[in-house]
$ cat target.tsv   # TSV, C-alpha atoms
chain	number	residue	atom	x	y	z
A	1	MET	CA	18.75	-68.24	34.06
A	2	ILE	CA	17.08	-65.40	32.22
A	3	LEU	CA	13.67	-66.61	33.35
A	4	SER	CA	14.71	-66.73	36.98
A	5	LEU	CA	16.22	-63.28	36.64
A	6	LYS	CA	12.97	-62.03	35.15
A	7	GLU	CA	11.03	-63.60	38.00
A	8	TRP	CA	13.40	-62.01	40.48
A	9	LEU	CA	12.93	-58.63	38.84
A	10	LEU	CA	9.20	-59.07	38.33
A	11	PRO	CA	8.01	-61.32	41.15
A	12	LYS	CA	4.69	-63.07	40.56
A	13	LYS	CA	1.89	-61.24	42.25
A	14	ASP	CA	-1.72	-62.25	42.56
A	15	ALA	CA	-4.42	-60.24	40.83
A	16	GLU	CA	-5.54	-58.60	44.08
A	17	THR	CA	-2.05	-57.25	44.82
A	18	LEU	CA	-1.63	-56.11	41.23
A	19	MET	CA	-4.99	-54.34	41.30
A	20	SER	CA	-4.26	-52.68	44.64
A	21	LEU	CA	-0.96	-51.41	43.27
A	22	TYR	CA	-2.61	-50.33	40.03
A	23	ALA	CA	-5.38	-48.52	41.92
A	24	LYS	CA	-2.71	-46.49	43.70
A	25	SER	CA	-0.26	-45.88	40.87
A	26	GLY	CA	-2.24	-46.27	37.62
A	27	LYS	CA	0.85	-47.83	36.04
A	28	ASN	CA	0.39	-49.39	32.63
A	29	ASP	CA	2.52	-52.47	33.27
A	30	LEU	CA	0.33	-53.50	36.23
A	31	LEU	CA	-2.79	-53.15	34.13
A	32	GLN	CA	-1.16	-55.20	31.37
A	33	ARG	CA	-0.39	-58.01	33.81
A	34	LEU	CA	-4.01	-57.97	34.98
A	35	ILE	CA	-5.21	-58.17	31.38
A	36	GLU	CA	-2.82	-61.06	30.72
A	37	LEU	CA	-4.21	-62.83	33.77
A	38	HIS	CA	-7.94	-62.38	33.22
A	39	ALA	CA	-8.72	-61.10	29.71
A	40	ASP	CA	-9.54	-64.58	28.44
A	41	ASP	CA	-11.66	-65.49	31.46
A	42	LEU	CA	-13.72	-62.34	31.12
A	43	TYR	CA	-14.07	-62.65	27.36
A	44	HIS	CA	-15.21	-66.27	27.62
A	45	PHE	CA	-17.76	-65.43	30.31
A	46	LEU	CA	-19.15	-62.58	28.19
A	47	LEU	CA	-19.14	-64.76	25.07
A	48	SER	CA	-21.13	-67.46	26.83
A	49	GLN	CA	-23.78	-64.81	27.60
A	50	SER	CA	-23.80	-62.99	24.26
A	51	ASP	CA	-22.12	-63.19	20.84
A	52	ILE	CA	-18.56	-62.65	19.59
A	53	GLU	CA	-18.92	-58.98	18.65
A	54	LEU	CA	-20.77	-58.00	21.80
A	55	ALA	CA	-18.35	-60.00	23.94
A	56	LYS	CA	-15.34	-58.20	22.40
A	57	ASP	CA	-17.02	-54.83	22.79
A	58	ILE	CA	-18.09	-55.42	26.39
A	59	SER	CA	-14.71	-56.91	27.25
A	60	GLN	CA	-13.02	-53.69	26.11
A	61	LYS	CA	-15.58	-51.51	27.88
A	62	THR	CA	-15.09	-53.50	31.08
A	63	TRP	CA	-11.32	-52.93	31.07
A	64	LEU	CA	-11.91	-49.25	30.42
A	65	LYS	CA	-14.20	-49.21	33.44
A	66	VAL	CA	-11.47	-50.88	35.47
A	67	ILE	CA	-9.27	-47.89	34.58
A	68	ASP	CA	-11.98	-45.37	35.45
A	69	LYS	CA	-13.25	-47.04	38.61
A	70	ARG	CA	-9.95	-48.28	39.99
A	71	GLU	CA	-10.35	-46.14	43.13
A	72	TYR	CA	-13.50	-48.09	44.00
A	73	TYR	CA	-11.77	-51.46	44.07
A	74	GLN	CA	-11.93	-53.02	47.54
A	75	CYS	CA	-8.59	-54.62	48.44
A	76	ASN	CA	-10.24	-57.30	50.60
A	77	GLY	CA	-12.25	-58.85	47.75
A	78	SER	CA	-11.36	-61.06	44.81
A	79	PHE	CA	-10.28	-59.02	41.78
A	80	LYS	CA	-11.72	-61.57	39.39
A	81	ALA	CA	-15.13	-61.38	41.13
A	82	TRP	CA	-15.02	-57.58	40.94
A	83	LEU	CA	-14.01	-57.71	37.27
A	84	PHE	CA	-16.82	-60.14	36.42
A	85	THR	CA	-19.33	-58.00	38.32
A	86	VAL	CA	-18.26	-54.93	36.33
A	87	GLY	CA	-18.34	-56.98	33.10
A	88	ARG	CA	-21.78	-58.42	33.86
A	89	ASN	CA	-23.25	-55.01	34.69
A	90	THR	CA	-21.76	-53.54	31.52
A	91	LEU	CA	-23.20	-56.40	29.48
A	92	PHE	CA	-26.64	-55.94	31.02
A	93	ASP	CA	-26.57	-52.20	30.39
A	94	GLU	CA	-25.72	-52.85	26.77
A	95	MET	CA	-28.43	-55.51	26.46
A	96	ARG	CA	-30.98	-53.13	27.92
A	97	ARG	CA	-29.85	-50.56	25.38
A	98	LEU	CA	-30.17	-53.09	22.59
A	99	LYS	CA	-33.50	-54.32	24.03
A	100	ARG	CA	-32.19	-57.88	24.18
A	101	PHE	CA	-32.41	-58.17	27.94
A	102	GLN	CA	-35.96	-59.54	28.27
A	103	LEU	CA	-35.36	-62.18	25.64
A	104	LEU	CA	-32.36	-63.55	27.46
A	105	PHE	CA	-33.55	-63.47	31.03
A	106	ASP	CA	-36.43	-65.82	31.50
A	107	GLU	CA	-36.49	-67.19	35.02
A	108	HIS	CA	-39.38	-69.54	34.38
A	109	ILE	CA	-37.65	-71.76	31.95
A	110	GLU	CA	-36.49	-75.01	33.46
A	111	PRO	CA	-34.50	-77.76	31.75
A	112	GLU	CA	-37.45	-80.10	31.79
A	113	LEU	CA	-39.52	-77.60	29.84
A	114	ILE	CA	-36.94	-76.94	27.18
A	115	SER	CA	-37.75	-78.63	23.99
A	116	ILE	CA	-34.61	-80.59	23.53
A	117	GLU	CA	-33.96	-80.85	19.90
A	118	THR	CA	-32.09	-83.75	18.60
A	119	LEU	CA	-28.58	-82.56	18.62
A	120	ASP	CA	-26.40	-83.08	15.59
A	121	THR	CA	-25.58	-86.62	14.95
A	122	ASN	CA	-22.00	-85.58	15.35
A	123	ASN	CA	-20.68	-87.58	18.23
A	124	ASP	CA	-17.97	-85.17	19.04
A	125	MET	CA	-18.62	-84.48	22.71
A	126	GLN	CA	-17.09	-81.01	22.54
A	127	ILE	CA	-19.48	-79.84	19.86
A	128	LYS	CA	-22.35	-81.37	21.77
A	129	PHE	CA	-21.27	-79.55	24.91
A	130	LYS	CA	-21.09	-76.27	22.99
A	131	GLN	CA	-24.59	-76.75	21.64
A	132	LEU	CA	-25.96	-77.72	25.05
A	133	LEU	CA	-24.35	-74.71	26.67
A	134	GLU	CA	-25.92	-72.44	24.10
A	135	LYS	CA	-29.34	-73.99	24.69
A	136	LEU	CA	-29.13	-73.63	28.46
A	137	PRO	CA	-31.30	-70.80	29.90
A	138	PHE	CA	-29.43	-67.58	30.48
A	139	SER	CA	-29.48	-67.55	34.30
A	140	GLN	CA	-28.47	-71.22	34.57
A	141	ARG	CA	-25.75	-70.78	31.99
A	142	GLU	CA	-24.48	-67.77	33.91
A	143	ALA	CA	-24.35	-69.68	37.21
A	144	PHE	CA	-22.75	-72.70	35.54
A	145	VAL	CA	-20.03	-70.67	33.77
A	146	LEU	CA	-19.25	-68.72	36.92
A	147	GLN	CA	-18.90	-71.94	38.88
A	148	GLN	CA	-16.61	-73.35	36.20
A	149	GLU	CA	-14.55	-70.14	36.48
A	150	GLY	CA	-13.85	-71.11	40.08
A	151	PHE	CA	-16.28	-68.90	41.97
A	152	SER	CA	-17.97	-70.19	45.11
A	153	ILE	CA	-21.76	-70.23	45.53
A	154	LEU	CA	-21.48	-67.14	47.72
A	155	GLN	CA	-19.37	-65.29	45.15
A	156	ILE	CA	-21.78	-66.24	42.34
A	157	ALA	CA	-24.66	-64.97	44.48
A	158	GLN	CA	-22.79	-61.68	45.01
A	159	ILE	CA	-21.88	-61.26	41.35
A	160	THR	CA	-25.41	-61.99	40.16
A	161	GLN	CA	-27.09	-60.30	43.15
A	162	GLN	CA	-29.18	-63.37	43.88
A	163	LYS	CA	-29.75	-65.54	46.94
A	164	GLU	CA	-27.37	-68.44	47.44
A	165	GLN	CA	-30.34	-70.82	47.34
A	166	THR	CA	-31.36	-69.49	43.94
A	167	ILE	CA	-27.85	-70.10	42.65
A	168	LYS	CA	-27.83	-73.63	44.02
A	169	THR	CA	-31.11	-74.34	42.25
A	170	ARG	CA	-29.85	-72.93	38.97
A	171	LEU	CA	-26.71	-75.01	39.19
A	172	ARG	CA	-28.67	-78.12	40.00
A	173	TYR	CA	-30.90	-77.61	36.96
A	174	ALA	CA	-27.91	-76.93	34.74
A	175	LYS	CA	-26.05	-80.02	35.85
A	176	SER	CA	-29.06	-82.22	35.53
A	177	TYR	CA	-29.51	-80.86	32.00
A	178	PHE	CA	-25.96	-81.71	31.05
A	179	LYS	CA	-26.21	-85.11	32.73
A	180	GLN	CA	-29.34	-85.85	30.77
A	181	HIS	CA	-27.65	-85.16	27.42
A	182	ILE	CA	-24.03	-86.02	28.00
A	183	GLY	CA	-24.40	-88.68	30.58
A	184	GLY	CA	-22.43	-89.42	33.68
B	1	MET	CA	-22.89	-92.43	44.32
B	2	SER	CA	-20.40	-89.65	44.80
B	3	GLN	CA	-17.78	-91.29	42.59
B	4	PRO	CA	-19.89	-91.17	39.41
B	5	ASN	CA	-20.88	-87.59	40.33
B	6	ASN	CA	-17.25	-86.59	40.71
B	7	SER	CA	-16.40	-88.23	37.44
B	8	PHE	CA	-19.28	-86.34	35.77
B	9	ASN	CA	-18.13	-83.06	37.29
B	10	ASP	CA	-14.58	-83.68	36.06
B	11	LYS	CA	-15.90	-84.51	32.62
B	12	LEU	CA	-17.98	-81.31	32.63
B	13	SER	CA	-15.01	-79.25	33.81
B	14	GLN	CA	-12.80	-80.73	31.11
B	15	LEU	CA	-15.41	-80.00	28.45
B	16	TYR	CA	-15.71	-76.45	29.78
B	17	LYS	CA	-11.92	-75.97	29.75
B	18	ASN	CA	-11.71	-77.20	26.18
B	19	HIS	CA	-14.59	-74.94	25.19
B	20	LYS	CA	-12.85	-72.03	26.85
B	21	SER	CA	-9.53	-72.68	25.15
B	22	ASP	CA	-11.36	-72.86	21.79
B	23	ASN	CA	-13.01	-69.51	22.43
B	24	GLN	CA	-10.29	-67.16	23.48
B	25	LEU	CA	-9.20	-63.81	22.19
B	26	SER	CA	-6.66	-64.21	19.40
B	27	LEU	CA	-3.20	-62.72	19.92
B	28	GLN	CA	-4.03	-59.85	17.55
B	29	GLU	CA	-7.27	-59.16	19.40
B	30	LYS	CA	-5.45	-59.22	22.69
B	31	ASP	CA	-2.81	-56.81	21.36
B	32	LYS	CA	-5.55	-54.58	20.04
B	33	LEU	CA	-7.24	-54.63	23.45
B	34	MET	CA	-3.93	-53.89	25.19
B	35	ILE	CA	-3.25	-50.92	22.90
B	36	LYS	CA	-6.73	-49.46	23.39
B	37	VAL	CA	-6.69	-49.97	27.14
B	38	ASN	CA	-3.13	-48.64	27.50
B	39	LYS	CA	-4.06	-45.59	25.48
B	40	ALA	CA	-7.13	-45.02	27.65
B	41	ASN	CA	-5.03	-45.52	30.77
B	42	HIS	CA	-2.48	-43.02	29.47
B	43	VAL	CA	-5.25	-40.50	28.73
B	44	ASN	CA	-6.74	-41.17	32.16
B	45	LYS	CA	-3.36	-40.55	33.75
B	46	LEU	CA	-2.85	-37.51	31.55
B	47	ASN	CA	-6.22	-36.18	32.63
B	48	TRP	CA	-5.05	-36.36	36.21
B	49	VAL	CA	-1.75	-34.79	35.30
B	50	ASN	CA	-3.56	-32.14	33.26
B	51	THR	CA	-5.88	-31.33	36.12
B	52	PHE	CA	-2.90	-31.02	38.42
B	53	GLN	CA	-1.01	-28.87	35.92
B	54	ILE	CA	-4.00	-26.61	35.32
B	55	SER	CA	-4.47	-26.17	39.07
B	56	LEU	CA	-0.77	-25.46	39.47
B	57	THR	CA	-0.83	-22.94	36.62
B	58	ALA	CA	-3.90	-21.26	38.09
B	59	VAL	CA	-2.20	-20.96	41.48
B	60	ALA	CA	0.99	-19.66	39.84
B	61	LEU	CA	-0.95	-17.10	37.80
B	62	PHE	CA	-2.89	-16.00	40.85
B	63	THR	CA	0.37	-15.58	42.78
B	64	LEU	CA	1.93	-13.62	39.91
B	65	PHE	CA	-1.12	-11.35	39.62
B	66	SER	CA	-1.18	-10.80	43.37
B	67	LEU	CA	2.51	-9.92	43.32
B	68	TYR	CA	2.02	-7.63	40.33
B	69	PHE	CA	-0.90	-5.76	41.88
B	70	ASN	CA	0.87	-5.48	45.20
B	71	GLN	CA	3.80	-3.98	43.32
B	72	GLU	CA	1.39	-1.62	41.58
B	73	ASP	CA	-0.06	-0.57	44.93
B	74	TYR	CA	3.44	-0.06	46.23
B	75	LEU	CA	4.36	2.05	43.22
B	76	ASN	CA	1.11	3.98	43.48
B	77	SER	CA	1.70	4.71	47.12
B	78	THR	CA	5.22	5.85	46.27
B	79	GLU	CA	3.85	7.95	43.45
B	80	LYS	CA	1.36	9.54	45.81
B	81	ALA	CA	4.17	10.36	48.16
B	82	VAL	CA	6.13	11.84	45.28
B	83	ILE	CA	3.17	13.85	44.05
B	84	THR	CA	2.73	15.40	47.45
B	85	SER	CA	6.34	16.47	47.31
B	86	THR	CA	7.63	19.16	44.99
B	87	ASN	CA	8.91	16.78	42.35
B	88	THR	CA	6.96	16.73	39.14
B	89	VAL	CA	8.94	14.16	37.23
B	90	ILE	CA	9.44	10.54	38.31
B	91	GLU	CA	12.32	8.72	36.73
B	92	ILE	CA	12.42	4.95	37.07
B	93	HIS	CA	15.73	3.32	36.25
B	94	TYR	CA	15.79	-0.42	35.88
B	95	LEU	CA	17.55	-3.36	34.26
B	96	GLU	CA	15.65	-5.84	32.11
B	97	LYS	CA	17.41	-8.64	30.23
B	98	ASN	CA	20.74	-6.92	30.91
B	99	SER	CA	19.56	-3.76	29.26
B	100	TYR	CA	19.28	-0.42	30.99
B	101	HIS	CA	15.87	1.24	30.82
B	102	LYS	CA	14.65	4.55	31.98
B	103	LYS	CA	10.99	5.35	32.40
B	104	ILE	CA	9.94	8.88	32.91
B	105	THR	CA	6.55	9.72	34.33
B	106	TYR	CA	5.35	13.25	34.50
B	107	ALA	CA	3.11	14.26	37.32
B	108	HIS	CA	0.79	16.22	35.09
B	109	LYS	CA	-1.14	17.94	37.80
B	110	GLN	CA	2.02	19.05	39.48
B	111	ALA	CA	3.53	20.07	36.19
B	112	LYS	CA	0.44	22.13	35.39
B	113	GLU	CA	0.61	23.84	38.73
B	114	GLN	CA	4.31	24.40	38.21
B	115	LEU	CA	3.63	25.87	34.81
B	116	GLU	CA	0.99	28.21	36.16
B	117	LYS	CA	3.38	29.27	38.86
B	118	ALA	CA	6.14	29.77	36.33
B	119	LYS	CA	3.82	31.83	34.15
B	120	THR	CA	2.86	34.01	37.09
B	121	THR	CA	6.52	34.38	37.99
B	122	LEU	CA	7.35	35.21	34.41
B	123	ASN	CA	4.63	37.85	34.30
B	124	THR	CA	5.87	39.26	37.56
B	125	GLN	CA	9.36	39.13	36.24
B	126	LYS	CA	8.19	40.87	33.09
B	127	GLN	CA	6.62	43.51	35.22
B	128	LEU	CA	9.76	43.74	37.24
B	129	ARG	CA	11.91	44.23	34.23
B	130	GLY	CA	12.59	47.56	32.74
B	131	ARG	CA	15.01	49.94	31.17
B	132	LEU	CA	17.05	52.42	33.14
B	133	ILE	CA	16.00	55.66	31.55
B	134	ASN	CA	17.65	58.05	33.95
B	135	LYS	CA	20.61	57.57	36.20
B	136	ALA	CA	21.02	60.47	38.55
B	137	ASP	CA	20.99	60.35	42.37
B	138	ASP	CA	17.78	58.43	42.03
B	139	TRP	CA	17.30	55.91	39.31
B	140	TYR	CA	14.26	55.82	37.08
B	141	ILE	CA	13.35	52.57	35.55
B	142	GLU	CA	10.57	52.26	33.03
B	143	SER	CA	8.83	48.87	32.73
B	144	CYS	CA	9.00	47.04	29.44
B	145	ASN	CA	5.37	47.74	28.67
B	146	LYS	CA	6.06	51.35	29.62
B	147	GLU	CA	3.13	51.28	32.02
B	148	VAL	CA	5.10	51.48	35.19
B	149	LEU	CA	7.90	53.71	36.16
B	150	VAL	CA	9.91	52.76	39.14
B	151	GLN	CA	11.93	55.18	41.03
B	152	VAL	CA	14.71	53.88	43.19
B	153	ASN	CA	15.93	56.36	45.70
B	154	ALA	CA	19.60	57.01	46.36
B	155	SER	CA	19.26	55.68	49.93
B	156	LEU	CA	18.08	52.38	48.71
B	157	LEU	CA	20.72	52.35	46.00
B	158	LYS	CA	23.32	52.95	48.68
B	159	GLN	CA	22.00	50.05	50.76
B	160	LEU	CA	21.87	47.79	47.78
B	161	LYS	CA	25.42	48.74	46.93
B	162	SER	CA	26.56	47.94	50.43
B	163	ASN	CA	24.79	44.58	50.22
B	164	ASN	CA	26.51	43.85	46.91
B	165	ALA	CA	23.07	43.66	45.39
B	166	LEU	CA	23.65	46.33	42.79
B	167	ASP	CA	25.54	45.75	39.64
B	168	ASN	CA	28.34	48.33	39.27
B	169	SER	CA	28.42	48.19	35.53
B	170	ILE	CA	24.86	49.45	35.10
B	171	THR	CA	24.63	52.38	32.77
B	172	GLN	CA	21.71	54.37	31.46
B	173	GLY	CA	19.70	52.46	28.86
B	174	ASP	CA	20.48	49.08	30.36
B	175	LEU	CA	17.81	46.49	30.83
B	176	LEU	CA	17.41	45.75	34.52
B	177	ALA	CA	15.70	43.08	36.51
B	178	PHE	CA	14.35	43.48	39.99
B	179	LYS	CA	14.58	40.98	42.76
B	180	HIS	CA	12.02	41.18	45.51
B	181	ASN	CA	11.64	39.52	48.82
B	182	SER	CA	8.35	38.07	50.01
B	183	ALA	CA	7.25	41.46	51.20
B	184	GLY	CA	7.68	42.93	47.73
B	185	GLU	CA	10.73	44.99	48.68
B	186	ILE	CA	13.53	45.39	46.16
B	187	ILE	CA	16.49	43.45	47.34
B	188	ALA	CA	18.62	43.51	44.19
B	189	LEU	CA	18.95	45.07	40.78
B	190	VAL	CA	20.55	42.96	38.16
B	191	LYS	CA	21.67	43.96	34.72
B	192	THR	CA	20.41	41.69	32.01
B	193	ASN	CA	21.84	41.90	28.55
B	194	ASN	CA	19.14	39.91	26.87
B	195	ILE	CA	17.23	42.64	25.18
B	196	LYS	CA	14.73	40.22	23.78
B	197	GLN	CA	13.34	39.58	27.25
B	198	CYS	CA	11.73	42.93	27.16
B	199	GLN	CA	10.07	42.17	23.84
B	200	ILE	CA	8.23	39.06	24.99

$ encode --input "target.tsv" --output "structure tokens"
Amino acid sequence: MILSLKEWLLPKKDAETLMSLYAKSGKNDLLQRLIELHADDLYHFLLSQSDIELAKDISQKTWLKVIDKREYYQCNGSFKAWLFTVGRNTLFDEMRRLKRFQLLFDEHIEPELISIETLDTNNDMQIKFKQLLEKLPFSQREAFVLQQEGFSILQIAQITQQKEQTIKTRLRYAKSYFKQHIGG
Amino acid sequence: MSQPNNSFNDKLSQLYKNHKSDNQLSLQEKDKLMIKVNKANHVNKLNWVNTFQISLTAVALFTLFSLYFNQEDYLNSTEKAVITSTNTVIEIHYLEKNSYHKKITYAHKQAKEQLEKAKTTLNTQKQLRGRLINKADDWYIESCNKEVLVQVNASLLKQLKSNNALDNSITQGDLLAFKHNSAGEIIALVKTNNIKQCQI
């Protein structure tokens, strides 16, 4: 009863509607609902590309940018895609500042060329997956995580500012890498 | 072919979901993030409000100053009008916080001119004051500084009497004051009892 009343008072809105309303009003409760919806997604994406401390820091900076740049949000696009684009750019800026950018972004590395170390004898598939994900080249990991977050090839290409074909290739390499080590 | 692929994709997605759920922000971290972001949002909103308030204050101040200076101009123009008139003192009566105030402004230039005029008049009056030293048919009046002796003929005395411009109670030794018209003619003789006026 109380739940239905709450839903009646606060009807469920998608992120795009919430962001459009927030862009106009700047109301805290709308921003809070957006954070509740996507804070974990963003944090996990950033964590997969960096480390815990940097991911927390960039996550916070990204939400602060959402506040600052809310007027620039385009109502016709996906909020999550916009949020991830802002987050990715913020992460890259920070990496450039920390001079970690070149180390992470090596386009020439392909799964076949990676020296695949013998993973821990631990058979726990989850741990194995974690280790494999960490070993995956940055650009492939990025494309893989974005796809797992529900973005289409086109959206991934827009977020990463790459050609769709490039994204397809990266995904193919990533999947083949996982298939090789986890099995079908 | 596609069935094993789908099964692999599902397996990969499940592994990813598990990995994601293992690597989320803790509740405390999320609260911390919320607090920081809310604070920033509040400041951001405040900045907008502040900008608006500052603009509003600036406009209000500008309006007040404009009104004040317009008022000043109005007062100045009034003052100019007053200065051109014969008044030398401007009194402004007004109420402020239910209290009566009176502001007096002296038109110094006018006052100075008035003073000079008064001094000249006083000197003239001094010159036109004297003691009646002989009262016969004609009257002889000696000026206070004893430099001038004025003789007033009986004919004039008669005319003055008929015009009620001659004091009946004048006796010899009295201090008298002359009244002249613009042409310098005596139009009245007035007895003045203030003996000190002759000693100034």

$ atom_distance --input "target.tsv" --atom1 "CA of Asp68 in chain A" --atom2 "CA of Ala23 in chain A"
9.8 Å

$ interface_residues --input "target.tsv" --of "chain A" --to "chain B" --cutoff "10 Å" --atoms "all atoms listed in the file" --output "count of residues only"
49

$ closest_residue --input "target.tsv" --among "A:Asp93, A:Glu164, A:Glu134, A:Glu71" --to "Ser152 in chain A" --atoms "all atoms listed in the file"
A:Glu164

$ atom_distance --input "target.tsv" --atom1 "CA of Gln165 in chain A" --atom2 "CA of Ile58 in chain A"
28.7 Å

$ atom_distance --input "target.tsv" --atom1 "CA of Thr17 in chain A" --atom2 "CA of Ala143 in chain A"
26.6 Å

$ residues_near_point --input "target.tsv" --point "(-10.9, -64.8, 42.2)" --cutoff "10 Å" --atoms "only C-alpha atoms" --output "PyMOL selection string"
chain A and resi 14-16+38+77-84+149-152+155
